Amino acid sequence: MRTPFQGVWNIIRFNWPFYVLSLVVVLFIFLVRYNSSGWLTIAANILLFLIVASTIISLLVSWYVYDHSGFYELNWLDDTPAGESETIVNINAGFDETSALLENRYKNAELIVCDFYDPAKHTAASIARARKAYPPFSKTQSVSTVQLPLKDASANKIFAILSAHEIRSADERNSFFSELARVLSPRGQIVVVEHLRDTANYLAYNIGAFHFHKRADWLNAFSSAGLTSEREMKITPFLTAFFLKKNGTAP
């Protein structure tokens, strides 16, 4: 069971240096404002408003997405059933909040969990903090983004939920999706969920949106791997799900 503010609290504690820095900057600007007058006071007021407002907005959006929207109830997967004895692969980037949920949802399927986190390549400090706070799902396999320990065409469904954006290199990302295409069965499906670098996420996260990838970048990565997005879904205005199949596969 998730607690009411688990999502937004995780964001704060995994990214606490950013919030400490923001607080220091706010205190400094407040001191400047207190000891100034005229145009300098006006400029300080504007800066204070922008910093405080953007921080509050990003946290409110995060609370909405991760704690209030029902995202982790997985109702957005109602049109993605699993048959008897299917093989499902869930791929994370060092922080896994979905494997237990998928295991509960697809009780009759075999669940394989893969973690591609490599601290030499995926350098976000927040992931290292998250790994200390949350133990991995049982039987999680440590894998490479460019070589999954799975047989060709062995997976009926593959999930990459809020993980693939940690692959910062476009070449590595293309190789990763080529690997997913290799292990996907002919009529299988890949589900990728991500924030996009788009207007909604710019408004919500300001410069933080640069950590996300553009929709065109995702589509290019899918295409280079021989995959087609057969359906897109806005889970919230800030989260997009891509449902992928192999090129030339009939619906």
# chains A, B, ... in the order shown; residues from 1 in each chain; ligands from 1
call {"tool": "closest_atom_pairs", "arguments": {"of": "region 153-196 of chain A", "to": "region 57-78 of chain A", "cutoff": "12 Å", "atoms": "only C-alpha atoms", "output": "JSON lines"}}
result
{"residue": "A:Lys157", "atom": "CA", "partner": "A:Leu77", "partner_atom": "CA", "distance": 11.9}
{"residue": "A:Phe159", "atom": "CA", "partner": "A:Leu77", "partner_atom": "CA", "distance": 11.1}
{"residue": "A:Ile161", "atom": "CA", "partner": "A:Tyr72", "partner_atom": "CA", "distance": 10.7}
{"residue": "A:Leu162", "atom": "CA", "partner": "A:Tyr66", "partner_atom": "CA", "distance": 11.4}
{"residue": "A:Val191", "atom": "CA", "partner": "A:Leu77", "partner_atom": "CA", "distance": 9.5}
{"residue": "A:Val192", "atom": "CA", "partner": "A:Leu77", "partner_atom": "CA", "distance": 11.7}
{"residue": "A:Val193", "atom": "CA", "partner": "A:Phe71", "partner_atom": "CA", "distance": 10.7}
{"residue": "A:Glu194", "atom": "CA", "partner": "A:Val65", "partner_atom": "CA", "distance": 11.7}
{"residue": "A:His195", "atom": "CA", "partner": "A:Val65", "partner_atom": "CA", "distance": 10.4}
call {"tool": "closest_residue", "arguments": {"among": "A:Ser37, A:Thr55, A:Ser185, A:Ser144", "to": "Glu172 (chain A)", "atoms": "only C-alpha atoms"}}
result
A:Ser144
call {"tool": "residues_around", "arguments": {"residues": "Ser54 (chain A)", "least_positions_apart": "5", "cutoff": "9 Å", "atoms": "only C-alpha atoms", "output": "PyMOL selection string"}}
result
chain A and resi 49+59+203-206
call {"tool": "closest_residue", "arguments": {"among": "A:Phe177, A:Phe14, A:Phe243, A:Trp218", "to": "Ala124 (chain A)", "atoms": "only C-alpha atoms"}}
result
A:Phe14
call {"tool": "select_by_dssp", "arguments": {"residues": "region 1-222 of chain A", "states": "strand (DSSP E or B)", "output": "JSON, numbers by chain"}}
result
{"A": [87, 88, 89, 90, 91, 92, 110, 111, 112, 113, 114, 115, 141, 142, 144, 147, 155, 156, 157, 158, 159, 160, 161, 184, 185, 186, 187, 188, 189, 190, 191, 192, 193, 194, 196, 213]}
call {"tool": "atom_distance", "arguments": {"atom1": "CA of Ala109 (chain A)", "atom2": "CA of Thr87 (chain A)"}}
result
5.8 Å
call {"tool": "closest_residue", "arguments": {"among": "A:Ala181, A:Leu31, A:Ile207, A:Ile127", "to": "Asp152 (chain A)", "atoms": "only C-alpha atoms"}}
result
A:Ala181
call {"tool": "residues_around", "arguments": {"residues": "Gly188 (chain A)", "least_positions_apart": "3", "cutoff": "9 Å", "atoms": "only C-alpha atoms", "output": "count of residues only"}}
result
10
call {"tool": "select_by_dssp", "arguments": {"residues": "region 4-244 of chain A", "states": "alpha helix (DSSP H)", "output": "PyMOL selection string"}}
result
chain A and resi 6-14+16-34+39-63+99-105+125-133+170-183+199-205+215-224
call {"tool": "closest_residue", "arguments": {"among": "A:Met233, A:Ala209, A:Glu179, A:Thr145", "to": "Asp79 (chain A)", "atoms": "only C-alpha atoms"}}
result
A:Met233
call {"tool": "residues_around", "arguments": {"residues": "Leu196 (chain A)", "least_positions_apart": "2", "cutoff": "8 Å", "atoms": "only C-alpha atoms", "output": "ChimeraX atom specification"}}
result
/A:194,198,201,209,212-215,238-240
call {"tool": "write_last_selection", "arguments": {"atoms": "N, CA and C atoms", "output": "short mmCIF file (atom, residue, chain, number, x, y, z; two decimals), in the first residue's frame"}}
result
data_model
loop_
_atom_site.label_atom_id
_atom_site.label_comp_id
_atom_site.auth_asym_id
_atom_site.auth_seq_id
_atom_site.Cartn_x
_atom_site.Cartn_y
_atom_site.Cartn_z
N GLU A 194 6.62 7.56 -19.93
CA GLU A 194 7.60 8.60 -19.67
C GLU A 194 6.95 9.98 -19.57
N ASP A 198 7.91 18.50 -23.06
CA ASP A 198 6.88 19.22 -23.80
C ASP A 198 6.36 20.38 -22.95
N ASN A 201 5.15 19.68 -19.27
CA ASN A 201 6.21 19.38 -18.31
C ASN A 201 7.17 20.55 -18.12
N ALA A 209 12.53 19.77 -16.80
CA ALA A 209 11.99 19.06 -17.97
C ALA A 209 13.09 18.66 -18.95
N PHE A 212 13.99 15.02 -19.32
CA PHE A 212 13.13 14.16 -20.13
C PHE A 212 13.54 14.27 -21.60
N HIS A 213 13.01 13.36 -22.42
CA HIS A 213 13.30 13.38 -23.85
C HIS A 213 12.06 13.84 -24.63
N LYS A 214 12.30 14.40 -25.80
CA LYS A 214 11.21 14.84 -26.65
C LYS A 214 10.48 13.64 -27.25
N ARG A 215 9.21 13.85 -27.58
CA ARG A 215 8.43 12.79 -28.21
C ARG A 215 9.11 12.31 -29.49
N PHE A 238 0.87 15.00 -17.94
CA PHE A 238 2.32 15.03 -17.78
C PHE A 238 2.98 13.68 -18.04
N LEU A 239 2.20 12.62 -18.23
CA LEU A 239 2.73 11.27 -18.45
C LEU A 239 2.14 10.69 -19.73
N THR A 240 3.02 10.13 -20.55
CA THR A 240 2.59 9.52 -21.80
C THR A 240 2.99 8.05 -21.83
#
call {"tool": "closest_atom_pairs", "arguments": {"of": "region 105-124 of chain A", "to": "region 128-134 of chain A", "cutoff": "10 Å", "atoms": "only C-alpha atoms", "output": "JSON lines"}}
result
{"residue": "A:Tyr117", "atom": "CA", "partner": "A:Ala128", "partner_atom": "CA", "distance": 9.5}
{"residue": "A:Pro119", "atom": "CA", "partner": "A:Ala128", "partner_atom": "CA", "distance": 8.0}
{"residue": "A:His122", "atom": "CA", "partner": "A:Ala128", "partner_atom": "CA", "distance": 9.7}
{"residue": "A:Thr123", "atom": "CA", "partner": "A:Ala128", "partner_atom": "CA", "distance": 8.5}
{"residue": "A:Ala124", "atom": "CA", "partner": "A:Ala128", "partner_atom": "CA", "distance": 7.4}
call {"tool": "residues_around", "arguments": {"residues": "Ser178 (chain A)", "least_positions_apart": "3", "cutoff": "10 Å", "atoms": "only C-alpha atoms", "output": "list in words"}}
result
Thr145, Val146, Gln147, Glu172, Arg173, Asn174, Ser175, Ala181, Arg182, Val183, Leu184, Ala221, Phe222, Ser223, Ser224, Ala225, Gly226 and Leu227 of chain A
call {"tool": "write_last_selection", "arguments": {"atoms": "C-alpha atoms", "output": "JSON list (two decimals), in the first residue's frame"}}
result
[["chain", "number", "residue", "atom", "x", "y", "z"],
["A", 145, "THR", "CA", 20.99, -1.99, -21.74],
["A", 146, "VAL", "CA", 22.65, -3.48, -24.83],
["A", 147, "GLN", "CA", 22.50, -7.18, -23.92],
["A", 172, "GLU", "CA", 22.60, 3.51, -26.15],
["A", 173, "ARG", "CA", 18.87, 4.18, -26.19],
["A", 174, "ASN", "CA", 18.61, 2.90, -29.77],
["A", 175, "SER", "CA", 20.55, -0.24, -28.82],
["A", 181, "ALA", "CA", 12.61, -5.82, -30.10],
["A", 182, "ARG", "CA", 14.85, -8.90, -30.21],
["A", 183, "VAL", "CA", 13.33, -10.52, -27.12],
["A", 184, "LEU", "CA", 9.74, -9.51, -27.95],
["A", 221, "ALA", "CA", 14.45, 5.32, -31.02],
["A", 222, "PHE", "CA", 11.44, 3.08, -31.58],
["A", 223, "SER", "CA", 11.73, 3.33, -35.36],
["A", 224, "SER", "CA", 15.46, 2.58, -35.38],
["A", 225, "ALA", "CA", 14.71, -0.64, -33.47],
["A", 226, "GLY", "CA", 12.04, -1.77, -35.90],
["A", 227, "LEU", "CA", 9.19, -0.89, -33.56]]
call {"tool": "atom_distance", "arguments": {"atom1": "CA of Val89 (chain A)", "atom2": "CA of Glu110 (chain A)"}}
result
8.4 Å
call {"tool": "atom_distance", "arguments": {"atom1": "CA of Asn45 (chain A)", "atom2": "CA of Phe28 (chain A)"}}
result
12.0 Å
call {"tool": "closest_residue", "arguments": {"among": "A:Ile56, A:Val113, A:Ala200, A:Ile190", "to": "Val8 (chain A)", "atoms": "only C-alpha atoms"}}
result
A:Ile56
call {"tool": "closest_residue", "arguments": {"among": "A:Ala93, A:Ile88, A:Leu102, A:Ala164", "to": "Leu150 (chain A)", "atoms": "only C-alpha atoms"}}
result
A:Ile88
call {"tool": "residues_around", "arguments": {"residues": "Leu40 (chain A)", "least_positions_apart": "6", "cutoff": "12 Å", "atoms": "only C-alpha atoms", "output": "list of chain:residue names"}}
result
A:Ile29, A:Phe30, A:Leu31, A:Val32, A:Arg33, A:Tyr34, A:Ile46, A:Leu47
call {"tool": "write_last_selection", "arguments": {"atoms": "N, CA and C atoms", "output": "PDB file, in the first residue's frame"}}
result
ATOM      1  N   ILE A  29      18.420  35.873  -1.244  1.00  0.00           N
ATOM      2  CA  ILE A  29      17.654  36.918  -1.930  1.00  0.00           C
ATOM      3  C   ILE A  29      16.803  37.699  -0.935  1.00  0.00           C
ATOM      4  N   PHE A  30      16.256  36.996   0.052  1.00  0.00           N
ATOM      5  CA  PHE A  30      15.455  37.678   1.071  1.00  0.00           C
ATOM      6  C   PHE A  30      16.300  38.685   1.855  1.00  0.00           C
ATOM      7  N   LEU A  31      17.550  38.315   2.168  1.00  0.00           N
ATOM      8  CA  LEU A  31      18.446  39.243   2.871  1.00  0.00           C
ATOM      9  C   LEU A  31      18.760  40.450   1.996  1.00  0.00           C
ATOM     10  N   VAL A  32      19.005  40.194   0.704  1.00  0.00           N
ATOM     11  CA  VAL A  32      19.262  41.310  -0.219  1.00  0.00           C
ATOM     12  C   VAL A  32      18.051  42.229  -0.260  1.00  0.00           C
ATOM     13  N   ARG A  33      16.885  41.648  -0.355  1.00  0.00           N
ATOM     14  CA  ARG A  33      15.646  42.428  -0.404  1.00  0.00           C
ATOM     15  C   ARG A  33      15.466  43.257   0.870  1.00  0.00           C
ATOM     16  N   TYR A  34      15.749  42.647   1.993  1.00  0.00           N
ATOM     17  CA  TYR A  34      15.551  43.317   3.285  1.00  0.00           C
ATOM     18  C   TYR A  34      16.484  44.517   3.446  1.00  0.00           C
ATOM     19  N   ILE A  46      10.689  39.684  -7.471  1.00  0.00           N
ATOM     20  CA  ILE A  46      10.373  38.873  -8.647  1.00  0.00           C
ATOM     21  C   ILE A  46      11.097  37.530  -8.585  1.00  0.00           C
ATOM     22  N   LEU A  47      12.385  37.564  -8.231  1.00  0.00           N
ATOM     23  CA  LEU A  47      13.155  36.325  -8.133  1.00  0.00           C
ATOM     24  C   LEU A  47      12.592  35.405  -7.056  1.00  0.00           C
TER      25      LEU A  47
END
